[in-house]
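Novice: For reference, the structure I am asking about is given below.
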Amino acid sequence: MREFFESKAGKQLAVLASGSSLLWIIGLLWHGTFFGWLRPLGDGTIAVLFLTFIIPGAASFIYSLLRILDLRKEMLRQEEQGKRAHWIATHDHLTRLPNRYAFEKFEIVKPATEDDDNLVPTATIFSVDLDSFKKVNDLVGHQGGDRLLQEVAKRLSAFAEESCVFRLGGDEFIVIARGLVPEKDEKFANLLIHALSRPIHIGPISCQVGASVGYARWPEHGHELQDVCHRSDIALYEAKSAGANIALRFSEEMQLKVTARAKLEGELRTAITEGHIEPFYQPLIDLRSGKVCGFEALARWTLDDGTGVSPQLFIPIAEETGLMTPLFLQLLKTACENARSWPEDVSLSFNVSAVQMDDRLLVSRILEILDDAGLPPSRLEVEITENALIRDPDLAAAIIGDLHNAGIQIALDDFGTGYSSLAQLARYQFDKIKIDKSFVRSAREHDDRHEKIVQALLMMSQGLDVKTTVEGIEDNTQLAYFLRAGCDIGQGYLFGKAMPFSDTMSYLRDRAEILKTA
């Protein structure tokens, strides 16, 4: 009851009741003056009765009127709140674009007009994903990244009808172009890319991001909006795989490729669980002595029918699906156990993928496997690509430092093909650099530019007192060239292809016999 009288309605009731009572008392005291016209009807009793009914009735009427007005205001307020709540639920608060929920409720077909009688409704769904957004976000910070997304939303909105541009999350956008003829789809997609590729100024910094675009048509590629969007996403994935600032139209071949990839992903999970992926070993040869100084472990997957799956195919899938860590641990465990059987001067070289350099437990995982296998850390060499170092340079430096402190050797793989090679050599401590096999062809083709690059790489490594391994040696001409150049270690088909562990022991014996008779 107390809460009621503290409310607006209760206060109004109290005021009206008090006012009515005061009027009733005044009327009772001076009814003769105010209601003299009632005397012909009888004594003062009628006047009192008149006061008793009229004053409360008028107060009730006024109170009801006030309640109706308040109810109307409340209805309008709730309606406004409902609209706001719906807007919040269907829009992205940062860019103020419709969100994924709004996209799911979107109606492609507009209400028909007289001019539309002879037109068949069509629409093109463009899936847009920004290129290099993470790098820009790291450069300008999260607030700068938010401003960049707001500018991107503004530029995309200039190309489509109102409520036809959606932000699905992160740097993913959808643009719907209704009534666009197929011949203009590609041009429209390229216009989107061009608009997003123009510099965006965030404070004093001029940033530039590109965009990848995949598109599909309704109803040609599906009668449901979600189906068409799925196909445009497939085209977007293909566009991103092809490079930056690429636009691709959905095709059935893309769908088949995605289906095959999904099938392969399932088979990969099973293969890892059942241990069907094994390490094969390619020999590393000391070019001065001709002895085997190590083996590089390479993942090999053979299906039940005897066909092999290329690492270039299943390793990226493992990285994208979070399967890389279990695969890495499984292969490293097997490789360390195998390496224990080799002579003590033969090392094991093992690759660490870029995504694993984000794992803060990487060093402890490696040391645990070495301890369980009984292999000294000094016999393990970890190969890291340059691209793996730029993801998180500080974390990479910490991991490399911990590996060094544990006695594990570090090799910079694919040297000269990544980013900021000189900067990497200056910041990180490497025991060896591996010259990419793309430079080896210069020895056969007499490419002066490549030869000069190789010579510069070798001179630099010698100046830093870092050993060099050259990959991809396939003939004696290449071998002679790198021997003269002063390379330390060679690897390639000339010395042997990757082989199962069972063949490594016989390879070591045969190599030793060859050196004895040489």
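Residues are named by chain letter and number: chains run A, B, ... in the order of the structure tokens, numbers start at 1 in each chain, and ligands are numbered from 1 in the order shown.
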I'd like the contact shell of range 428-437 of chain A - 6 Å cut-off, only C-alpha atoms, skipping same-chain residues fewer than 2 positions apart - returned as a PyMOL selection string.

Specialist: chain A and resi 410-415+424-426+439-440+466-472

Novice: Selection from above, N, CA and C atoms, as a compact mmCIF listing (two decimals), in the first residue's frame, can you write it?

Specialist:
# COMPACT_ATOMS: atom_id res chain seq x y z
N ILE A 410 68.34 -23.98 -33.08
CA ILE A 410 67.28 -23.26 -33.80
C ILE A 410 67.76 -22.95 -35.21
N ALA A 411 66.92 -23.31 -36.19
CA ALA A 411 67.22 -23.01 -37.60
C ALA A 411 66.13 -22.10 -38.16
N LEU A 412 66.55 -21.09 -38.91
CA LEU A 412 65.60 -20.20 -39.60
C LEU A 412 65.33 -20.80 -40.97
N ASP A 413 64.12 -21.29 -41.16
CA ASP A 413 63.77 -22.02 -42.38
C ASP A 413 63.33 -21.07 -43.49
N ASP A 414 63.51 -21.53 -44.74
CA ASP A 414 63.08 -20.78 -45.93
C ASP A 414 63.64 -19.36 -45.93
N PHE A 415 64.90 -19.22 -45.56
CA PHE A 415 65.50 -17.90 -45.43
C PHE A 415 65.49 -17.16 -46.76
N GLN A 424 65.23 -10.19 -38.66
CA GLN A 424 65.08 -11.42 -37.88
C GLN A 424 66.43 -11.91 -37.37
N LEU A 425 67.44 -11.84 -38.22
CA LEU A 425 68.77 -12.28 -37.81
C LEU A 425 69.31 -11.41 -36.69
N ALA A 426 68.96 -10.12 -36.72
CA ALA A 426 69.47 -9.20 -35.69
C ALA A 426 68.76 -9.42 -34.36
N PHE A 439 66.21 -20.69 -54.58
CA PHE A 439 67.47 -20.08 -55.00
C PHE A 439 68.42 -21.08 -55.63
N VAL A 440 68.14 -22.37 -55.44
CA VAL A 440 69.06 -23.40 -55.92
C VAL A 440 69.08 -23.46 -57.44
N VAL A 466 77.11 -18.39 -38.47
CA VAL A 466 75.91 -19.23 -38.47
C VAL A 466 76.03 -20.22 -39.63
N LYS A 467 75.78 -21.50 -39.36
CA LYS A 467 75.85 -22.50 -40.41
C LYS A 467 74.71 -22.34 -41.40
N THR A 468 74.93 -22.83 -42.61
CA THR A 468 73.90 -22.73 -43.65
C THR A 468 73.57 -24.11 -44.20
N THR A 469 72.28 -24.31 -44.42
CA THR A 469 71.80 -25.52 -45.08
C THR A 469 71.11 -25.09 -46.36
N VAL A 470 71.42 -25.75 -47.46
CA VAL A 470 70.77 -25.42 -48.72
C VAL A 470 69.85 -26.57 -49.09
N GLU A 471 68.59 -26.24 -49.40
CA GLU A 471 67.59 -27.26 -49.71
C GLU A 471 67.47 -27.43 -51.23
N GLY A 472 67.01 -28.60 -51.63
CA GLY A 472 66.65 -28.83 -53.03
C GLY A 472 67.80 -29.15 -53.96

Novice: Neighbours of Gly144 in chain A within 10 Å (only C-alpha atoms; same-chain residues fewer than 3 positions away dropped), as a list in words?

Specialist: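 Counting only C-alpha atoms, the residues come to Val136, Asn137, Asp138, Leu139, Val140, Gly141, Arg147, Leu148, Leu149, Gln150, His201, Ile202, Gly203, Ile205 and Cys207 of chain A.
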
Novice: If you keep C-alpha atoms, can you produce a file of those selected residues as a PDB file, in the first residue's frame?

Specialist:
ATOM      1  CA  VAL A 136      46.171  -2.292 -39.181  1.00  0.00           C
ATOM      2  CA  ASN A 137      44.355  -2.949 -35.911  1.00  0.00           C
ATOM      3  CA  ASP A 138      47.676  -3.726 -34.232  1.00  0.00           C
ATOM      4  CA  LEU A 139      49.118  -0.520 -35.700  1.00  0.00           C
ATOM      5  CA  VAL A 140      46.391   1.910 -34.646  1.00  0.00           C
ATOM      6  CA  GLY A 141      44.980   0.079 -31.607  1.00  0.00           C
ATOM      7  CA  ARG A 147      37.068   3.981 -36.469  1.00  0.00           C
ATOM      8  CA  LEU A 148      38.348   2.082 -39.479  1.00  0.00           C
ATOM      9  CA  LEU A 149      35.340  -0.268 -39.362  1.00  0.00           C
ATOM     10  CA  GLN A 150      33.001   2.710 -39.131  1.00  0.00           C
ATOM     11  CA  HIS A 201      43.025   8.391 -42.199  1.00  0.00           C
ATOM     12  CA  ILE A 202      42.947   7.643 -38.497  1.00  0.00           C
ATOM     13  CA  GLY A 203      44.409  10.626 -36.737  1.00  0.00           C
ATOM     14  CA  ILE A 205      48.121   7.721 -39.542  1.00  0.00           C
ATOM     15  CA  CYS A 207      45.938   3.175 -43.134  1.00  0.00           C
TER      16      CYS A 207
END

Novice: Give the answer as one residue: which of A:Lys134, A:Arg167, A:Arg340, A:Arg249 has the shortest atom-to-atom distance to Thr90 in chain A, using only C-alpha atoms?

Specialist: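 Of A:Lys134, A:Arg167, A:Arg340, A:Arg249, the one nearest Thr90 in chain A is A:Arg167, counting only C-alpha atoms.
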
Novice: Record the distance separating CA of Thr477 in chain A and CA of Ile285 in chain A, expressed in Å with one decimal.

Specialist: 16.1 Å

Novice: Could you find all residues in range 87-144 of chain A that DSSP calls strand (DSSP E) from the backbone, and write them as a list in words?

Specialist: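 Restricting range 87-144 of chain A to strand (DSSP E) produces Ala123, Thr124, Ile125, Phe126, Ser127, Val128, Asp129, Leu130 and Asp131 of chain A.
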
Novice: With only C-alpha atoms as the counted atoms, please give the residues lying no more than 12 Å from Leu323 in chain A, apart from itself and same-chain residues fewer than 3 positions off, as a list in words.

Specialist: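 Answer for this query is Glu265, Gly266, Glu267, Leu268, Arg269, Thr270, Ala271, Ile272, Thr273, Phe314, Ile315, Pro316, Ile317, Ala318, Glu319, Glu320, Pro326, Leu327, Phe328, Leu329, Gln330, Ser353, Val355 and Gln356 of chain A.
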
Novice: Using 9 Å as the limit and counting only C-alpha atoms, can you tabulate each residue of range 250-329 of chain A that touches range 503-514 of chain A, with its shortest atom-to-atom distance in Å and the two atoms involved, as JSON lines?

Specialist:
{"residue": "A:Tyr281", "atom": "CA", "partner": "A:Thr504", "partner_atom": "CA", "distance": 7.4}
{"residue": "A:Gln282", "atom": "CA", "partner": "A:Thr504", "partner_atom": "CA", "distance": 8.8}
{"residue": "A:Pro283", "atom": "CA", "partner": "A:Thr504", "partner_atom": "CA", "distance": 8.5}
{"residue": "A:Gly290", "atom": "CA", "partner": "A:Arg511", "partner_atom": "CA", "distance": 8.5}
{"residue": "A:Lys291", "atom": "CA", "partner": "A:Arg511", "partner_atom": "CA", "distance": 7.3}
{"residue": "A:Val292", "atom": "CA", "partner": "A:Leu508", "partner_atom": "CA", "distance": 7.2}
{"residue": "A:Phe295", "atom": "CA", "partner": "A:Thr504", "partner_atom": "CA", "distance": 8.8}

Novice: Which one is closest to Phe103 in chain A: A:Leu66, A:Val181, A:Leu196, A:Val165? Count only C-alpha atoms.

Specialist: A:Val165

Novice: To one decimal place, how far is CA of Ile193 in chain A from CA of Asp129 in chain A in Å?

Specialist: 9.9 Å

Novice: Residues at most 9 Å from Gly214 in chain A, counting only C-alpha atoms, excluding those fewer than 2 positions away in the same chain, as a list of chain:residue names?

Specialist: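 Here the answer would be A:Ile125, A:Phe126, A:Ser127, A:Val128, A:Asp129, A:Ala189, A:Ser212, A:Ala216, A:Arg231, A:Ser232, A:Asp233, A:Ile234, A:Ala235, A:Leu236, A:Tyr237, A:Glu238, A:Ala239, A:Lys240, A:Ile246, A:Ala247, A:Leu248, A:Arg249, A:Phe250.
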
Novice: So which one's closest to Ser132 in chain A, A:Gly210, A:Ala195, A:Gly82, A:Gly401? Using only C-alpha atoms, please.

Specialist: A:Gly210

Novice: Between CA of Gln78 in chain A and CA of Glu107 in chain A, what distance in Å does the model show, to one decimal?

Specialist: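 So the two atoms, CA of Gln78 in chain A and CA of Glu107 in chain A, lie 26.6 Å apart.
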